[in-house]
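Peer 1: So that you have it, the file is work_32.cif, and it contains mmCIF, C-alpha atoms:
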```
data_start
loop_
_atom_site.label_atom_id
_atom_site.label_comp_id
_atom_site.auth_asym_id
_atom_site.auth_seq_id
_atom_site.Cartn_x
_atom_site.Cartn_y
_atom_site.Cartn_z
CA GLY W 71 -46.61 -81.30 78.96
CA VAL W 72 -45.67 -81.58 75.28
CA GLN W 73 -42.56 -79.42 75.56
CA THR W 74 -41.33 -81.30 78.66
CA CYS W 75 -41.92 -84.60 76.90
CA ALA W 76 -39.99 -83.41 73.82
CA LEU W 77 -37.17 -82.18 76.05
CA ARG W 78 -37.13 -85.48 77.94
CA SER W 79 -36.97 -87.48 74.70
CA ARG W 80 -34.15 -85.21 73.43
CA LEU W 81 -32.17 -85.75 76.61
CA ALA W 82 -32.86 -89.47 76.37
CA ASN W 83 -31.08 -89.53 72.99
CA THR W 84 -27.79 -88.36 74.49
CA ALA W 85 -28.32 -90.49 77.60
CA ASP W 86 -28.89 -93.50 75.31
CA VAL W 87 -25.80 -92.64 73.22
CA GLU W 88 -23.71 -92.25 76.40
CA ALA W 89 -25.03 -95.57 77.75
CA CYS W 90 -24.25 -97.29 74.42
CA LEU W 91 -20.71 -95.88 74.37
CA ASN W 92 -20.06 -96.73 78.04
CA ASP W 93 -21.42 -100.28 77.63
CA GLU W 94 -20.07 -101.26 74.23
CA PHE W 95 -17.11 -98.92 73.64
CA PRO W 96 -15.70 -98.18 77.13
CA ALA W 97 -12.15 -97.34 75.97
CA PHE W 98 -13.48 -94.91 73.35
CA ALA W 99 -16.04 -93.47 75.81
CA ALA W 100 -13.23 -92.71 78.27
CA LEU W 101 -11.40 -90.84 75.50
CA VAL W 102 -14.35 -88.85 74.13
CA PHE W 103 -15.94 -87.99 77.51
CA GLN W 104 -12.62 -86.42 78.61
CA ASN W 105 -13.51 -83.64 76.16
CA LYS W 106 -16.33 -81.96 78.10
CA GLY W 107 -16.58 -78.99 75.71
CA LEU W 108 -16.98 -81.21 72.65
CA TRP W 109 -19.58 -83.41 74.33
CA ARG W 110 -21.63 -80.46 75.71
CA GLY W 111 -21.55 -78.78 72.30
CA LEU W 112 -23.49 -81.61 70.65
CA LYS W 113 -27.14 -80.77 70.10
CA ASP W 114 -29.67 -83.53 70.68
CA ASP W 115 -32.47 -81.76 68.83
CA ALA W 116 -30.36 -81.35 65.67
CA GLY W 117 -28.72 -84.73 66.14
CA TYR W 118 -25.09 -85.76 65.79
CA THR W 119 -22.97 -88.74 64.78
CA VAL W 120 -20.32 -90.62 66.75
CA LEU W 121 -17.70 -92.70 64.93
CA ALA W 122 -16.82 -95.17 67.69
CA PRO W 123 -13.72 -97.37 67.33
CA ASN W 124 -14.53 -100.74 68.92
CA GLU W 125 -12.65 -102.34 71.80
CA SER W 126 -10.43 -104.43 69.51
CA VAL W 127 -8.96 -101.18 68.12
CA PHE W 128 -7.82 -100.18 71.62
CA ALA W 129 -6.71 -103.74 72.43
CA ALA W 130 -4.43 -103.62 69.36
CA LEU W 131 -2.58 -100.58 70.79
CA ASP W 132 0.42 -101.27 72.93
CA GLU W 133 0.29 -100.57 76.67
CA LYS W 134 2.24 -97.31 76.29
CA GLN W 135 -0.26 -95.93 73.74
CA ARG W 136 -3.27 -96.91 75.87
CA ALA W 137 -1.70 -95.18 78.86
CA GLN W 138 -1.05 -92.04 76.79
CA LEU W 139 -4.70 -91.90 75.70
CA THR W 140 -5.89 -91.77 79.32
CA ASP W 141 -3.13 -89.53 80.75
CA PRO W 142 -4.65 -86.11 81.62
CA ARG W 143 -1.36 -84.43 80.64
CA ASN W 144 -2.13 -85.46 77.06
CA GLY W 145 -5.59 -83.89 77.22
CA GLU W 146 -5.13 -81.51 74.30
CA ILE W 147 -4.07 -84.18 71.80
CA ASN W 148 -6.69 -86.59 73.14
CA GLU W 149 -9.35 -83.91 72.60
CA LYS W 150 -8.20 -83.56 68.99
CA ILE W 151 -8.35 -87.34 68.48
CA GLY W 152 -11.86 -87.46 70.00
CA ALA W 153 -13.03 -84.52 67.86
CA PHE W 154 -12.28 -86.44 64.65
CA HIS W 155 -14.79 -89.08 65.81
CA VAL W 156 -17.78 -86.73 66.17
CA ILE W 157 -19.89 -85.12 63.44
CA ASN W 158 -22.23 -82.29 64.46
CA ASP W 159 -25.06 -83.64 62.28
CA PRO W 160 -26.80 -87.01 62.03
CA VAL W 161 -25.07 -88.85 59.15
CA SER W 162 -26.23 -92.31 58.07
CA LYS W 163 -23.96 -94.94 56.55
CA GLU W 164 -25.81 -94.33 53.25
CA ASP W 165 -25.05 -90.58 53.45
CA LEU W 166 -21.39 -91.39 54.05
CA TYR W 167 -21.36 -93.90 51.17
CA GLU W 168 -22.54 -91.14 48.82
CA SER W 169 -19.88 -88.64 49.94
CA SER W 170 -16.12 -88.45 49.44
CA SER W 171 -15.40 -86.65 52.72
CA VAL W 172 -17.11 -85.55 55.91
CA MET W 173 -16.58 -82.60 58.24
CA THR W 174 -16.00 -83.78 61.81
CA ALA W 175 -15.59 -81.55 64.87
CA GLY W 176 -11.83 -82.03 64.32
CA GLY W 177 -11.77 -81.29 60.59
CA ARG W 178 -12.48 -82.84 57.20
CA ILE W 179 -11.66 -86.54 56.71
CA ASP W 180 -11.90 -88.85 53.71
CA VAL W 181 -14.75 -91.27 53.13
CA ALA W 182 -14.58 -94.12 50.61
CA PRO W 183 -16.63 -97.15 49.63
CA THR W 184 -15.10 -100.50 50.59
CA VAL W 185 -14.02 -102.75 47.74
CA VAL W 186 -13.69 -106.54 47.56
CA GLY W 187 -11.45 -108.36 45.12
CA GLY W 188 -9.05 -106.58 42.84
CA LEU W 189 -5.29 -106.46 43.08
CA PHE W 190 -3.15 -103.79 44.80
CA GLY W 191 -6.10 -101.43 45.04
CA PHE W 192 -7.14 -101.73 41.39
CA GLY W 193 -10.23 -103.47 40.08
CA GLY W 194 -12.58 -105.12 42.51
CA THR W 195 -16.18 -104.25 43.28
CA GLU W 196 -17.74 -101.92 45.81
CA ASP W 197 -19.53 -104.03 48.41
CA GLY W 198 -21.76 -101.31 49.91
CA GLY W 199 -19.45 -100.78 52.88
CA VAL W 200 -17.88 -97.49 53.92
CA THR W 201 -14.47 -96.50 55.30
CA ILE W 202 -13.80 -93.25 57.11
CA ASN W 203 -10.12 -92.35 56.88
CA GLY W 204 -9.46 -96.07 56.42
CA ALA W 205 -11.65 -97.28 59.32
CA LYS W 206 -14.52 -99.49 58.16
CA ILE W 207 -18.03 -99.03 59.55
CA ILE W 208 -19.04 -102.39 61.03
CA SER W 209 -22.50 -101.51 62.35
CA SER W 210 -24.72 -98.49 62.99
CA ARG W 211 -27.29 -97.64 65.66
CA GLN W 212 -29.79 -94.81 65.74
CA PHE W 213 -30.94 -93.05 68.95
CA GLY W 214 -33.57 -90.48 67.93
CA GLN W 215 -31.61 -87.97 65.80
CA CYS W 216 -28.25 -89.37 66.96
CA VAL W 217 -26.22 -92.06 65.19
CA VAL W 218 -23.39 -94.26 66.50
CA HIS W 219 -21.26 -96.01 63.85
CA GLU W 220 -19.01 -98.81 65.15
CA CYS W 221 -15.64 -98.68 63.35
CA ASP W 222 -12.75 -101.15 63.10
CA GLY W 223 -10.12 -98.40 63.41
CA PHE W 224 -9.50 -94.79 64.37
CA CYS W 225 -10.89 -92.11 62.05
CA HIS W 226 -8.41 -89.37 62.97
CA PRO W 227 -5.48 -88.51 60.70
CA LYS W 228 -2.41 -90.69 61.36
CA LEU W 229 -0.49 -87.47 62.06
CA LEU W 230 -2.10 -87.30 65.52
CA GLU W 231 -0.56 -90.64 66.49
CA ARG W 232 2.90 -89.18 65.86
CA TYR W 233 2.21 -86.58 68.55
CA LEU W 234 1.33 -89.31 71.03
CA ASP W 235 4.80 -90.80 70.56
CA GLN W 236 6.31 -87.53 71.80
CA LEU W 237 4.12 -87.31 74.90
CA ARG W 238 5.07 -88.43 78.37
CA LEU W 239 4.05 -91.69 79.90
CA PRO W 240 2.30 -91.86 83.27
CA GLY W 241 4.98 -92.17 85.94
CA SER W 242 7.73 -90.62 83.78
CA SER W 243 9.18 -87.20 84.34
#
```
Could you spell out this file's structure in structure tokens?
Peer 2:
Amino acid sequence: GVQTCALRSRLANTADVEACLNDEFPAFAALVFQNKGLWRGLKDDAGYTVLAPNESVFAALDEKQRAQLTDPRNGEINEKIGAFHVINDPVSKEDLYESSSVMTAGGRIDVAPTVVGGLFGFGGTEDGGVTINGAKIISSRQFGQCVVHECDGFCHPKLLERYLDQLRLPGSS
């Protein structure tokens, strides 16, 4: 009884995270769920964090870039992009605010407090917000031990986008 219930609630966390991503972040969900190994490797009982770029981030991409993100021939680079949006531990916005970097499944990326005011990056005051590799956290949701942070940009290094420019488009040879 108790063990089954605990297992069911653990599985519900990932089911809830998947439902949240599919409902609210469908373009990102399509990208991250392509990477079966990454997704299966996440442990519900230990918890994990997803840095989910919102739909406006994908809408801002041109048609060519959106097509490249869903083309199975670009799977390897898409897996790398997705991996930079997953942390193998539950990390709150407050935890991120206190750190200068975070280790994602793809590698270490910079974290910084957001600042309002100032001129050319100098002066100004921290407003309690957090950016991850330049993408600002807009909102956060908790599902058991799992956290989904909505972001206004991609968290992966810009270098990965250069690779996308070299990849083939669907329908090209």
Peer 1: Between atom CA of Thr201 of chain W and atom CA of Tyr118 of chain W, measure the distance and give it in Å to one decimal.
Peer 2: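 Distance reported for this atom pair: 18.4 Å.
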Peer 1: Would you mind listing what lies within 8 Å of segment 209-225 of chain W as an NGL selection string, with only C-alpha atoms counted and same-chain residues fewer than 2 positions away left out?
Peer 2: :W and (80 or 83-84 or 86-87 or 114-124 or 126-127 or 154-155 or 160-163 or 179 or 202-207 or 227)
Peer 1: Using only C-alpha atoms, can you tell me which of W:Ala85, W:Ala182, W:Leu91, W:Leu112 comes closest to Ile157 of chain W?
Peer 2: W:Leu112
Peer 1: Applied to this file, what does the PyMOL selection byres ((chain W and resi 176) around 6) return in terms of residues, put as a PDB file with C-alpha atoms, keeping the file's coordinate frame?
Peer 2:
```
ATOM      1  CA  ALA W 153     -13.030 -84.520  67.860  1.00  0.00           C
ATOM      2  CA  PHE W 154     -12.280 -86.440  64.650  1.00  0.00           C
ATOM      3  CA  THR W 174     -16.000 -83.780  61.810  1.00  0.00           C
ATOM      4  CA  ALA W 175     -15.590 -81.550  64.870  1.00  0.00           C
ATOM      5  CA  GLY W 177     -11.770 -81.290  60.590  1.00  0.00           C
TER       6      GLY W 177
END
```
Peer 1: For the structure shown, which residues end up in the PyMOL selection byres ((chain W and resi 167) around 7)? Put them as a PyMOL selection string, please?
Peer 2: chain W and resi 163-166+168-169+182-183+200
Peer 1: Of the residues W:Leu139, W:His226, W:Gly111, W:Ala89, which is the one nearest to Ile151 of chain W, using only C-alpha atoms?
Peer 2: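 Of W:Leu139, W:His226, W:Gly111, W:Ala89, the one nearest Ile151 of chain W is W:His226, counting only C-alpha atoms.
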Peer 1: To box segment 93-108 of chain W, take all atoms listed in the file, fit an axis-aligned box, add 6 Å on each side, and give centre and edge lengths in Å to one decimal, as lines of an AutoDock Vina configuration file.
Peer 2:
```
center_x = -16.4
center_y = -90.1
center_z = 75.6
size_x = 22.0
size_y = 34.3
size_z = 18.0
```
Peer 1: I need the residue nearest Val181 of chain W from this list: W:Gln138, W:Gly199, W:Gly107, W:Glu146. Use all atoms listed in the file for the distance.
Peer 2: W:Gly199
Peer 1: Quick one, how far is atom CA of Lys113 of chain W from atom CA of Arg136 of chain W?
Peer 2: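 Going from atom CA of Lys113 of chain W over to atom CA of Arg136 of chain W, I get 29.4 Å.
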Peer 1: Hey, which of W:Glu149, W:Phe103, W:Ala97, W:Glu125 ends up closest to Ala137 of chain W? Count all atoms listed in the file.
Peer 2: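 For Ala137 of chain W, the nearest of the candidates is W:Ala97.
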Peer 1: Between atom CA of Asn92 of chain W and atom CA of Asp141 of chain W, what is the distance in Å, rounded to a tenth?
Peer 2: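 Atom CA of Asp141 of chain W lies 18.6 Å from atom CA of Asn92 of chain W.
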Peer 1: Using only C-alpha atoms, can you tell me which of W:Val156, W:Ile208, W:Leu101, W:Met173 comes closest to Phe128 of chain W?
Peer 2: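 Among the listed residues, the smallest separation from Phe128 of chain W belongs to W:Leu101.
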